[in-house]
$ cat target05.tsv   # TSV, C-alpha atoms
chain	number	residue	atom	x	y	z
A	1	MET	CA	169.37	52.33	272.54
A	2	ASN	CA	165.93	52.03	270.98
A	3	ASP	CA	165.09	54.75	268.47
A	4	VAL	CA	162.17	55.86	270.56
A	5	SER	CA	164.53	57.08	273.26
A	6	ARG	CA	166.39	59.42	270.91
A	7	GLY	CA	165.34	62.74	269.51
A	8	SER	CA	165.14	62.88	265.72
A	9	LEU	CA	165.67	66.63	265.41
A	10	THR	CA	168.81	68.73	265.61
A	11	GLY	CA	169.71	72.36	266.16
A	12	SER	CA	167.08	75.06	266.48
A	13	ASP	CA	164.25	72.74	265.38
A	14	GLU	CA	165.07	70.38	268.23
A	15	ASP	CA	165.28	73.24	270.74
A	16	THR	CA	161.88	74.51	269.59
A	17	ALA	CA	160.36	71.06	269.88
A	18	LEU	CA	161.80	70.40	273.33
A	19	ALA	CA	160.50	73.75	274.61
A	20	ALA	CA	157.00	72.39	274.10
A	21	LYS	CA	157.75	69.06	275.78
A	22	TRP	CA	156.82	69.63	279.40
A	23	PRO	CA	153.83	71.93	278.77
A	24	SER	CA	152.47	69.24	276.44
A	25	ILE	CA	153.19	66.41	278.87
A	26	ALA	CA	151.58	68.37	281.72
A	27	LEU	CA	148.45	69.08	279.71
A	28	LEU	CA	148.30	65.48	278.51
A	29	ALA	CA	148.47	64.31	282.14
A	30	VAL	CA	145.63	66.67	283.08
A	31	CYS	CA	143.54	65.27	280.24
A	32	GLU	CA	144.19	61.71	281.42
A	33	VAL	CA	143.16	62.58	284.98
A	34	LEU	CA	139.93	64.15	283.74
A	35	ALA	CA	139.03	61.44	281.24
A	36	MET	CA	139.91	58.44	283.41
A	37	ALA	CA	137.60	59.65	286.19
A	38	LEU	CA	135.01	57.70	284.20
A	39	TRP	CA	136.54	54.30	284.98
A	40	PHE	CA	135.48	53.92	288.62
A	41	SER	CA	132.74	56.54	288.65
A	42	ALA	CA	130.07	53.86	289.11
A	43	SER	CA	132.12	51.55	291.35
A	44	ALA	CA	132.74	54.43	293.76
A	45	VAL	CA	129.02	54.86	294.42
A	46	VAL	CA	128.18	51.19	294.99
A	47	PRO	CA	127.59	51.60	298.76
A	48	ALA	CA	125.13	54.44	298.05
A	49	LEU	CA	123.43	52.49	295.27
A	50	ARG	CA	122.95	49.53	297.58
A	51	LEU	CA	121.07	51.75	300.02
A	52	GLU	CA	118.52	52.57	297.33
A	53	TYR	CA	118.42	49.46	295.14
A	54	PRO	CA	118.63	45.66	295.66
A	55	LEU	CA	122.04	45.01	294.10
A	56	ASP	CA	123.55	41.57	294.71
A	57	ASP	CA	127.26	40.76	294.43
A	58	LEU	CA	126.95	39.67	290.80
A	59	ARG	CA	125.45	42.98	289.72
A	60	VAL	CA	128.05	44.88	291.73
A	61	SER	CA	130.82	42.89	290.03
A	62	LEU	CA	129.29	43.66	286.64
A	63	ILE	CA	129.49	47.39	287.33
A	64	THR	CA	133.29	47.10	287.45
A	65	SER	CA	133.95	44.15	285.16
A	66	SER	CA	131.79	45.48	282.31
A	67	VAL	CA	134.22	48.39	282.00
A	68	SER	CA	137.13	45.98	281.77
A	69	ALA	CA	135.22	43.86	279.24
A	70	GLY	CA	134.55	46.94	277.16
A	71	PHE	CA	138.18	47.91	277.37
A	72	VAL	CA	139.21	44.46	276.15
A	73	ALA	CA	136.83	44.75	273.21
A	74	GLY	CA	138.00	48.26	272.46
A	75	THR	CA	141.70	47.44	272.62
A	76	LEU	CA	141.18	44.33	270.51
A	77	ALA	CA	139.38	46.33	267.83
A	78	SER	CA	142.03	49.06	268.03
A	79	ALA	CA	144.84	46.52	267.69
A	80	LEU	CA	143.21	44.70	264.77
A	81	LEU	CA	142.56	47.98	262.94
A	82	GLY	CA	145.83	49.60	264.03
A	83	LEU	CA	143.92	52.71	265.12
A	84	ALA	CA	146.59	53.98	267.52
A	85	ASP	CA	149.18	53.94	264.74
A	86	ARG	CA	147.02	55.16	261.86
A	87	PHE	CA	145.20	58.25	263.13
A	88	ASP	CA	146.04	61.50	264.88
A	89	PRO	CA	146.06	60.39	268.55
A	90	ARG	CA	144.58	63.70	269.74
A	91	ARG	CA	141.47	63.27	267.61
A	92	LEU	CA	141.16	59.63	268.60
A	93	LEU	CA	141.41	60.50	272.29
A	94	ALA	CA	138.94	63.40	272.00
A	95	ALA	CA	136.36	61.27	270.19
A	96	SER	CA	136.77	58.43	272.69
A	97	ALA	CA	136.39	60.72	275.72
A	98	THR	CA	133.29	62.37	274.25
A	99	VAL	CA	131.47	59.11	273.57
A	100	ALA	CA	132.50	57.70	276.96
A	101	ALA	CA	131.21	60.81	278.74
A	102	GLY	CA	127.86	60.45	276.99
A	103	ALA	CA	127.54	56.78	277.91
A	104	ASN	CA	128.45	57.44	281.53
A	105	ALA	CA	125.94	60.31	281.80
A	106	ALA	CA	123.24	58.10	280.29
A	107	ILE	CA	123.42	55.91	283.40
A	108	LEU	CA	121.45	58.65	285.14
A	109	LEU	CA	118.53	57.86	282.83
A	110	VAL	CA	118.33	54.08	283.42
A	111	GLU	CA	117.32	51.82	286.29
A	112	PRO	CA	120.49	50.82	288.21
A	113	THR	CA	119.22	47.24	288.60
A	114	SER	CA	118.73	46.79	284.84
A	115	LEU	CA	121.25	45.41	282.35
A	116	ALA	CA	121.39	48.85	280.77
A	117	LEU	CA	123.86	49.96	283.46
A	118	PRO	CA	126.59	47.36	282.70
A	119	ALA	CA	125.91	47.85	278.97
A	120	LEU	CA	126.63	51.57	279.26
A	121	ARG	CA	129.69	50.85	281.38
A	122	PHE	CA	130.85	48.49	278.64
A	123	VAL	CA	130.76	51.43	276.22
A	124	VAL	CA	132.78	53.52	278.67
A	125	GLY	CA	135.42	50.78	278.83
A	126	ALA	CA	135.55	50.36	275.06
A	127	CYS	CA	136.15	54.08	274.65
A	128	ALA	CA	138.91	53.99	277.27
A	129	ALA	CA	140.94	52.03	274.71
A	130	GLY	CA	141.22	55.33	272.85
A	131	ILE	CA	142.31	57.20	275.97
A	132	TYR	CA	144.81	55.22	278.04
A	133	PRO	CA	147.05	53.45	275.44
A	134	VAL	CA	146.81	56.42	273.09
A	135	GLY	CA	147.95	58.76	275.86
A	136	MET	CA	151.01	56.57	276.49
A	137	LYS	CA	151.87	56.67	272.79
A	138	MET	CA	151.67	60.46	272.87
A	139	ALA	CA	153.92	60.64	275.93
A	140	ALA	CA	156.44	58.25	274.34
A	141	SER	CA	156.80	60.62	271.39
A	142	TRP	CA	158.71	62.99	273.71
A	143	ALA	CA	161.04	60.40	275.29
A	144	ARG	CA	164.76	61.25	275.50
A	145	GLY	CA	166.24	58.83	278.01
A	146	ASP	CA	163.30	59.39	280.35
A	147	MET	CA	160.77	56.88	279.04
A	148	GLY	CA	159.98	55.48	282.49
A	149	LEU	CA	159.29	58.93	283.92
A	150	LEU	CA	157.06	60.01	281.02
A	151	VAL	CA	154.97	56.86	280.94
A	152	GLY	CA	154.96	56.90	284.75
A	153	LEU	CA	153.45	60.39	284.63
A	154	LEU	CA	150.70	59.14	282.34
A	155	VAL	CA	149.91	56.07	284.43
A	156	GLY	CA	150.04	58.27	287.53
A	157	ALA	CA	147.46	60.53	285.89
A	158	LEU	CA	145.33	57.49	285.11
A	159	THR	CA	145.65	56.38	288.72
A	160	LEU	CA	144.66	59.75	290.11
A	161	GLY	CA	141.77	59.96	287.68
A	162	SER	CA	140.60	56.48	288.66
A	163	ALA	CA	140.71	57.46	292.34
A	164	SER	CA	138.89	60.78	291.94
A	165	PRO	CA	135.31	59.39	291.99
A	166	HIS	CA	135.91	58.09	295.53
A	167	LEU	CA	136.88	61.62	296.60
A	168	ILE	CA	133.89	63.13	294.80
A	169	ALA	CA	131.61	60.59	296.46
A	170	ALA	CA	133.06	61.38	299.88
A	171	LEU	CA	133.18	65.17	299.72
A	172	GLY	CA	130.85	66.30	296.97
A	173	GLY	CA	128.07	63.81	296.55
A	174	GLY	CA	127.23	62.42	299.95
A	175	LEU	CA	124.61	59.75	299.42
A	176	ASP	CA	123.55	61.28	296.10
A	177	TRP	CA	125.49	59.05	293.71
A	178	ARG	CA	124.24	61.04	290.71
A	179	VAL	CA	126.62	63.90	291.50
A	180	THR	CA	129.65	61.62	291.10
A	181	LEU	CA	128.48	60.30	287.72
A	182	ALA	CA	127.60	63.75	286.39
A	183	ALA	CA	130.89	65.27	287.53
A	184	SER	CA	133.03	62.51	286.01
A	185	SER	CA	131.21	62.88	282.67
A	186	ALA	CA	131.81	66.63	282.70
A	187	PHE	CA	135.50	66.06	283.42
A	188	ALA	CA	135.80	63.75	280.41
A	189	LEU	CA	134.20	66.32	278.10
A	190	LEU	CA	136.69	68.91	279.31
A	191	ALA	CA	139.52	66.48	278.52
A	192	ALA	CA	138.15	66.06	274.98
A	193	LEU	CA	138.46	69.82	274.48
A	194	LEU	CA	141.87	70.30	276.08
A	195	ILE	CA	143.62	67.43	274.29
A	196	HIS	CA	143.67	69.36	271.01
A	197	ALA	CA	146.17	71.79	272.56
A	198	VAL	CA	148.71	69.01	273.26
A	199	GLN	CA	151.65	68.89	270.86
A	200	LEU	CA	153.20	65.61	269.71
A	201	GLY	CA	156.92	64.95	270.16
A	202	PRO	CA	159.51	64.27	267.45
A	203	ASN	CA	159.70	60.50	268.12
A	204	ARG	CA	156.33	59.58	266.71
A	205	GLY	CA	156.05	57.01	263.95
A	206	GLY	CA	154.07	57.64	260.80
A	207	PRO	CA	150.85	55.85	259.81
A	208	VAL	CA	151.27	52.11	259.28
A	209	ALA	CA	149.02	49.63	257.51
A	210	PHE	CA	147.74	46.80	259.72
A	211	LYS	CA	149.12	43.29	259.36
A	212	ALA	CA	148.05	40.39	261.58
A	213	ARG	CA	151.63	39.42	262.30
A	214	TYR	CA	152.13	42.71	264.16
A	215	VAL	CA	149.74	41.55	266.89
A	216	LEU	CA	151.40	38.13	267.06
A	217	LEU	CA	154.76	39.76	267.78
A	218	ALA	CA	153.52	40.45	271.30
A	219	TRP	CA	153.80	36.69	271.92
A	220	THR	CA	156.29	35.31	269.39
A	221	ASN	CA	159.00	37.82	270.29
A	222	ARG	CA	160.45	36.41	273.54
A	223	PRO	CA	161.48	39.70	275.21
A	224	LEU	CA	158.05	41.17	274.45
A	225	ARG	CA	156.41	37.99	275.73
A	226	LEU	CA	158.28	38.15	279.05
A	227	ALA	CA	157.46	41.84	279.52
A	228	ASN	CA	153.82	41.06	278.80
A	229	LEU	CA	153.78	38.12	281.22
A	230	GLY	CA	155.10	40.41	283.94
A	231	TYR	CA	152.29	42.84	283.16
A	232	PHE	CA	149.69	40.09	283.23
A	233	GLY	CA	150.79	39.07	286.73
A	234	HIS	CA	150.53	42.70	287.79
A	235	MET	CA	147.01	43.01	286.33
A	236	TRP	CA	145.85	39.82	288.07
A	237	GLU	CA	146.00	41.86	291.25
A	238	LEU	CA	145.50	45.53	290.38
A	239	TYR	CA	141.93	46.03	289.21
A	240	ALA	CA	140.45	43.45	291.54
A	241	VAL	CA	141.89	45.48	294.41
A	242	TRP	CA	140.89	48.82	292.93
A	243	GLY	CA	137.39	47.57	292.20
A	244	TRP	CA	136.73	46.09	295.67
A	245	ILE	CA	138.91	48.13	298.03
A	246	GLY	CA	136.08	50.52	298.88
A	247	VAL	CA	133.75	47.66	299.85
A	248	PHE	CA	136.55	45.92	301.76
A	249	LEU	CA	137.42	49.04	303.76
A	250	HIS	CA	133.78	49.86	304.47
A	251	ALA	CA	133.17	46.35	305.80
A	252	SER	CA	136.29	46.52	307.96
A	253	PHE	CA	135.75	50.03	309.33
A	254	ALA	CA	132.12	49.20	310.16
A	255	LEU	CA	133.39	46.63	312.68
A	256	ASP	CA	135.10	49.35	314.72
A	257	PRO	CA	133.07	50.28	317.84
A	258	GLY	CA	133.30	53.94	316.87
A	259	GLY	CA	132.45	53.25	313.26
A	260	GLU	CA	129.48	55.60	312.84
A	261	HIS	CA	131.47	57.42	310.13
A	262	ALA	CA	132.69	54.22	308.50
A	263	ALA	CA	131.20	55.04	305.09
A	264	LEU	CA	132.94	58.43	304.85
A	265	TYR	CA	136.27	57.14	306.15
A	266	ALA	CA	136.16	54.16	303.80
A	267	LYS	CA	135.63	56.43	300.79
A	268	LEU	CA	138.54	58.64	301.83
A	269	ALA	CA	140.76	55.62	302.51
A	270	ALA	CA	139.82	54.10	299.14
A	271	PHE	CA	140.70	57.37	297.43
A	272	GLY	CA	144.01	57.41	299.28
A	273	THR	CA	144.78	53.78	298.41
A	274	ILE	CA	144.23	54.31	294.70
A	275	GLY	CA	145.29	57.94	294.44
A	276	ILE	CA	148.62	57.55	296.20
A	277	GLY	CA	149.58	55.24	293.37
A	278	ALA	CA	150.18	58.39	291.32
A	279	LEU	CA	153.18	59.13	293.53
A	280	GLY	CA	154.25	55.51	293.16
A	281	CYS	CA	154.16	55.86	289.37
A	282	LEU	CA	156.35	58.97	289.44
A	283	ALA	CA	158.83	57.47	291.88
A	284	GLY	CA	158.80	54.18	289.98
A	285	GLY	CA	159.56	55.95	286.72
A	286	LEU	CA	162.52	57.83	288.19
A	287	VAL	CA	163.93	54.71	289.85
A	288	ALA	CA	163.40	52.51	286.78
A	289	ASP	CA	165.16	54.97	284.46
A	290	ARG	CA	168.20	54.92	286.74
A	291	LEU	CA	168.30	51.46	288.32
A	292	GLY	CA	166.44	49.41	285.75
A	293	ARG	CA	162.94	48.42	284.68
A	294	THR	CA	163.18	44.80	285.78
A	295	THR	CA	164.63	45.82	289.17
A	296	LEU	CA	161.77	48.19	289.90
A	297	THR	CA	159.03	45.84	288.72
A	298	MET	CA	160.30	42.86	290.69
A	299	VAL	CA	160.58	44.85	293.95
A	300	ALA	CA	157.19	46.48	293.52
A	301	MET	CA	155.41	43.19	292.77
A	302	ALA	CA	157.07	41.48	295.72
A	303	VAL	CA	155.82	44.22	298.07
A	304	SER	CA	152.31	44.35	296.60
A	305	GLY	CA	152.03	40.56	296.70
A	306	ALA	CA	152.95	40.62	300.38
A	307	CYS	CA	150.32	43.30	301.02
A	308	CYS	CA	147.68	41.09	299.37
A	309	VAL	CA	148.30	38.57	302.13
A	310	LEU	CA	148.72	41.01	305.01
A	311	ALA	CA	145.64	43.14	304.30
A	312	GLY	CA	143.26	40.35	305.25
A	313	PHE	CA	144.90	39.83	308.61
A	314	LEU	CA	144.21	43.49	309.43
A	315	PHE	CA	140.54	43.23	308.48
A	316	GLY	CA	138.56	44.51	311.46
A	317	ALA	CA	141.70	45.91	313.11
A	318	GLU	CA	142.22	49.56	314.00
A	319	PRO	CA	141.14	51.58	310.93
A	320	TRP	CA	144.31	53.69	310.94
A	321	LEU	CA	146.49	50.57	310.87
A	322	LEU	CA	144.66	49.04	307.91
A	323	ALA	CA	144.61	52.39	306.12
A	324	ALA	CA	148.38	52.74	306.60
A	325	LEU	CA	149.00	49.31	305.07
A	326	CYS	CA	146.67	50.16	302.18
A	327	LEU	CA	148.66	53.31	301.45
A	328	VAL	CA	151.85	51.24	301.17
A	329	TRP	CA	149.93	48.76	299.06
A	330	GLY	CA	148.60	51.54	296.86
A	331	VAL	CA	152.11	52.78	296.10
A	332	ALA	CA	153.58	49.34	295.43
A	333	MET	CA	150.84	47.81	293.30
A	334	VAL	CA	150.98	50.57	290.69
A	335	ALA	CA	154.60	51.79	290.92
A	336	ASP	CA	155.54	49.16	288.35
A	337	SER	CA	152.54	49.57	286.04
A	338	ALA	CA	154.11	52.12	283.72
A	339	GLN	CA	157.33	50.16	283.48
A	340	PHE	CA	155.70	47.21	281.73
A	341	SER	CA	154.39	49.60	279.11
A	342	SER	CA	157.77	51.33	278.93
A	343	SER	CA	159.44	47.97	278.42
A	344	VAL	CA	157.12	47.09	275.53
A	345	ILE	CA	157.67	50.53	274.00
A	346	GLU	CA	161.44	50.15	274.16
A	347	LEU	CA	161.42	46.58	272.87
A	348	SER	CA	159.11	47.38	269.93
A	349	GLU	CA	159.75	49.00	266.57
A	350	ARG	CA	158.78	52.65	266.74
A	351	GLU	CA	156.01	52.46	264.15
A	352	LEU	CA	154.33	49.60	266.05
A	353	ILE	CA	154.37	51.10	269.55
A	354	GLY	CA	150.67	51.97	269.59
A	355	THR	CA	149.63	48.48	268.51
A	356	MET	CA	152.00	46.69	270.92
A	357	VAL	CA	150.85	48.74	273.92
A	358	THR	CA	147.24	48.20	272.92
A	359	VAL	CA	147.71	44.41	272.65
A	360	GLN	CA	149.39	44.35	276.05
A	361	THR	CA	146.60	46.25	277.76
A	362	CYS	CA	143.92	44.24	275.95
A	363	VAL	CA	145.08	40.90	277.37
A	364	GLY	CA	145.86	42.45	280.76
A	365	PHE	CA	142.34	43.74	281.18
A	366	LEU	CA	140.90	40.45	279.98
A	367	ILE	CA	142.60	38.90	282.99
A	368	THR	CA	140.95	41.42	285.30
A	369	LEU	CA	137.54	40.05	284.30
A	370	VAL	CA	138.46	36.83	286.11
A	371	THR	CA	139.71	38.35	289.34
A	372	ILE	CA	137.05	41.06	289.67
A	373	HIS	CA	134.33	38.41	289.66
A	374	LEU	CA	136.41	36.01	291.74
A	375	ILE	CA	136.68	38.26	294.79
A	376	PRO	CA	133.03	38.10	295.97
A	377	THR	CA	133.06	34.32	295.53
A	378	LEU	CA	136.20	34.09	297.64
A	379	VAL	CA	134.69	36.38	300.25
A	380	ASP	CA	131.74	33.97	300.56
A	381	LEU	CA	134.09	30.99	300.82
A	382	VAL	CA	136.93	32.27	303.01
A	383	THR	CA	135.77	35.77	304.14
A	384	TRP	CA	137.61	39.06	303.59
A	385	ARG	CA	140.45	37.81	305.80
A	386	TYR	CA	141.78	35.58	303.03
A	387	ALA	CA	140.09	36.72	299.81
A	388	PHE	CA	142.78	39.15	298.67
A	389	ALA	CA	145.56	36.67	299.46
A	390	PHE	CA	144.68	34.72	296.34
A	391	LEU	CA	145.66	37.75	294.24
A	392	ALA	CA	149.28	37.42	295.41
A	393	ILE	CA	149.75	34.63	292.85
A	394	GLY	CA	149.84	37.17	290.02
A	395	PRO	CA	152.62	39.49	291.22
A	396	PHE	CA	154.76	36.58	292.41
A	397	LEU	CA	154.60	34.97	288.95
A	398	GLY	CA	155.26	38.39	287.46
A	399	VAL	CA	158.50	38.59	289.42
A	400	LEU	CA	159.65	35.35	287.78
A	401	ALA	CA	158.84	36.64	284.27
A	402	MET	CA	160.71	39.92	284.76
A	403	GLY	CA	163.66	38.06	286.24
A	404	ARG	CA	163.91	36.04	283.02
A	405	LEU	CA	163.63	39.20	280.93
A	406	ARG	CA	166.49	40.69	282.92
A	407	ARG	CA	168.72	37.80	281.82
A	408	HIS	CA	167.73	38.08	278.13
A	409	PRO	CA	170.31	39.78	275.84
A	410	GLU	CA	167.65	42.13	274.41
A	411	SER	CA	167.08	43.63	277.85
A	412	PHE	CA	169.95	46.05	277.14
A	413	ARG	CA	167.34	48.08	275.23
A	414	LEU	CA	165.53	48.84	278.50
A	415	ALA	CA	166.12	52.25	280.10
A	416	GLY	CA	169.21	52.91	278.02
A	417	GLY	CA	170.91	49.76	279.27
A	418	ASN	CA	169.54	49.86	282.83
A	419	ARG	CA	167.83	46.51	282.86

$ encode --input "target05.tsv" --output "structure tokens"
Amino acid sequence: MNDVSRGSLTGSDEDTALAAKWPSIALLAVCEVLAMALWFSASAVVPALRLEYPLDDLRVSLITSSVSAGFVAGTLASALLGLADRFDPRRLLAASATVAAGANAAILLVEPTSLALPALRFVVGACAAGIYPVGMKMAASWARGDMGLLVGLLVGALTLGSASPHLIAALGGGLDWRVTLAASSAFALLAALLIHAVQLGPNRGGPVAFKARYVLLAWTNRPLRLANLGYFGHMWELYAVWGWIGVFLHASFALDPGGEHAALYAKLAAFGTIGIGALGCLAGGLVADRLGRTTLTMVAMAVSGACCVLAGFLFGAEPWLLAALCLVWGVAMVADSAQFSSSVIELSERELIGTMVTVQTCVGFLITLVTIHLIPTLVDLVTWRYAFAFLAIGPFLGVLAMGRLRRHPESFRLAGGNR
């Protein structure tokens, strides 16, 4: 079993450390929910923005993709400098959340049609590189045969945080999009304060000097490469759906004869689609720890890929029917997300975990830049009925990659031997 899955303390010291485990994990999850509300805070208010400002599809895409672009830049810088493995993760996360909150709040001071908006969202994304991967490293420091569950909790928190702006927009902000942005910024500042109370587990590696070959291991090491390829297939779908699901549902619900409340119902359904993924992450972590990481990821990607195809055929159908499918989709498309990170954590040397997870997320979010901008083009070409179907390519290829990892001898390191 990988060292990261074992405790390094014995006796009373170990008992003392473990007593702090779940309070620390719970508080860390709360911080992730609060801080990651920034990610889709602007995307959630796109319908309201379009009522006030002339935003075309390109500018709408930039609102979401600029965050991903910033995240890619941030994770690349973090990987090259080894930030996640060289500094106290609590201070890194607090600083990142504070700067991101400031950039997000500054959107209230600029013209939404100007390039200042995507520029500020880029800063938010860059700072997220010090929130999401760093949080997973902190959770992994407590792992004792429950890596999938712990990382699943963190990704579930990220999922719930990402969904929260849709709920704020539906229940708290109405058509005033400024409320959603202000609230998400305040949440992130609260996370920056609370994170200092989180304790680190006994399985954390010490500071490590950066060497370029560490980054290259993510590709030259075959088991790591296969785990990363599975993740890349997963990411081909995920953020394109999350970024456009609100617009998709609004357009579909508006076709219903009784669709006078389409905007409200679409926001609630979008929140449900993204937010229910938190339950998928928890369930996925429990299943993966017991039945295997590759098993869980392959099943989840097969289901989510199928939903990519089916969702379009329900466009314009009864709202409850499409919403029900989207809830299933929401569970499946993120149930496996944490398990790719868990796989990389278990296949990496302990002192390089932060860098390996950061490299994985960096490339994954680079891929999202393609699909986020691709969706509106596909909608123009083939309509919403077929646009999401193109995303099924990613999860289906991801299934093939994880199947090959399952057959690799090094896969015994996954989930304590549960491949």

$ residues_around --input "target05.tsv" --residues "A:Arg178" --least-positions-apart "5" --cutoff "10 Å" --atoms "only C-alpha atoms" --output "ChimeraX atom specification"
/A:41-42,45,48-49,105,107-108,169,173,183

$ atom_distance --input "target05.tsv" --atom1 "atom CA of A:Glu349" --atom2 "atom CA of A:Phe412"
15.0 Å

$ closest_residue --input "target05.tsv" --among "A:Ile393, A:Val151, A:Val134, A:Trp244" --to "A:Gly82" --atoms "only C-alpha atoms"
A:Val134

$ residues_near_point --input "target05.tsv" --point "(128.8, 58.1, 274.8)" --cutoff "10 Å" --atoms "all atoms listed in the file" --output "list in words"
Ala95, Ser96, Ala97, Thr98, Val99, Ala100, Ala101, Gly102, Ala103, Asn104, Ala105, Ala106, Leu120, Arg121, Val123, Val124, Cys127 and Ser185 of chain A

$ atom_distance --input "target05.tsv" --atom1 "atom CA of A:Trp329" --atom2 "atom CA of A:Ala306"
8.8 Å

$ residues_around --input "target05.tsv" --residues "stretch 60-66 of chain A" --least-positions-apart "5" --cutoff "12 Å" --atoms "all atoms listed in the file" --output "JSON, numbers by chain"
{"A": [38, 39, 40, 41, 42, 43, 44, 45, 46, 47, 48, 49, 50, 53, 54, 55, 71, 72, 73, 74, 104, 107, 112, 113, 114, 115, 116, 117, 118, 119, 120, 121, 122, 123, 124, 125, 126, 162, 239, 240, 241, 242, 243, 244, 247, 365, 366, 367, 368, 369, 370, 371, 372, 373, 374, 375, 376, 377]}

$ closest_residue --input "target05.tsv" --among "A:Gly398, A:Pro257, A:Pro202, A:Gly156" --to "A:Met301" --atoms "all atoms listed in the file"
A:Gly398

$ atom_distance --input "target05.tsv" --atom1 "atom CA of A:His196" --atom2 "atom CA of A:Arg90"
5.9 Å

$ closest_residue --input "target05.tsv" --among "A:Ala170, A:Leu321, A:Thr220, A:Trp384" --to "A:Ala262" --atoms "all atoms listed in the file"
A:Ala170

$ closest_residue --input "target05.tsv" --among "A:Glu52, A:Ala128, A:Asn228, A:Arg91" --to "A:Ser78" --atoms "only C-alpha atoms"
A:Ala128

$ residues_around --input "target05.tsv" --residues "A:Leu291" --least-positions-apart "2" --cutoff "6 Å" --atoms "all atoms listed in the file" --output "short mmCIF file (atom, residue, chain, number, x, y, z; two decimals) with C-alpha atoms, keeping the file's coordinate frame"
data_model
loop_
_atom_site.label_atom_id
_atom_site.label_comp_id
_atom_site.auth_asym_id
_atom_site.auth_seq_id
_atom_site.Cartn_x
_atom_site.Cartn_y
_atom_site.Cartn_z
CA VAL A 287 163.93 54.71 289.85
CA ALA A 288 163.40 52.51 286.78
CA ASN A 418 169.54 49.86 282.83
#

$ closest_residue --input "target05.tsv" --among "A:Ala323, A:Ala77, A:Ala19, A:Leu378" --to "A:Leu200" --atoms "all atoms listed in the file"
A:Ala19

$ closest_residue --input "target05.tsv" --among "A:Gly233, A:Gly272, A:Gly280, A:Gly316" --to "A:His250" --atoms "only C-alpha atoms"
A:Gly316

$ closest_atom_pairs --input "target05.tsv" --of "stretch 311-344 of chain A" --to "stretch 297-300 of chain A" --cutoff "9 Å" --atoms "all atoms listed in the file" --output "Markdown table"
| residue | atom | partner | partner_atom | distance |
| --- | --- | --- | --- | --- |
| A:Val331 | CA | A:Ala300 | CA | 8.5 |
| A:Ala332 | CA | A:Ala300 | CA | 5.0 |
| A:Met333 | CA | A:Ala300 | CA | 6.5 |
| A:Val334 | CA | A:Ala300 | CA | 8.0 |
| A:Ala335 | CA | A:Ala300 | CA | 6.5 |
| A:Asp336 | CA | A:Thr297 | CA | 4.8 |
| A:Ser337 | CA | A:Thr297 | CA | 8.0 |
| A:Gln339 | CA | A:Thr297 | CA | 7.0 |
| A:Phe340 | CA | A:Thr297 | CA | 7.9 |

$ residues_around --input "target05.tsv" --residues "A:Leu405" --least-positions-apart "3" --cutoff "7 Å" --atoms "all atoms listed in the file" --output "list in words"
Pro223, Leu226, Ala227, Ala401, Met402, His408 and Ser411 of chain A
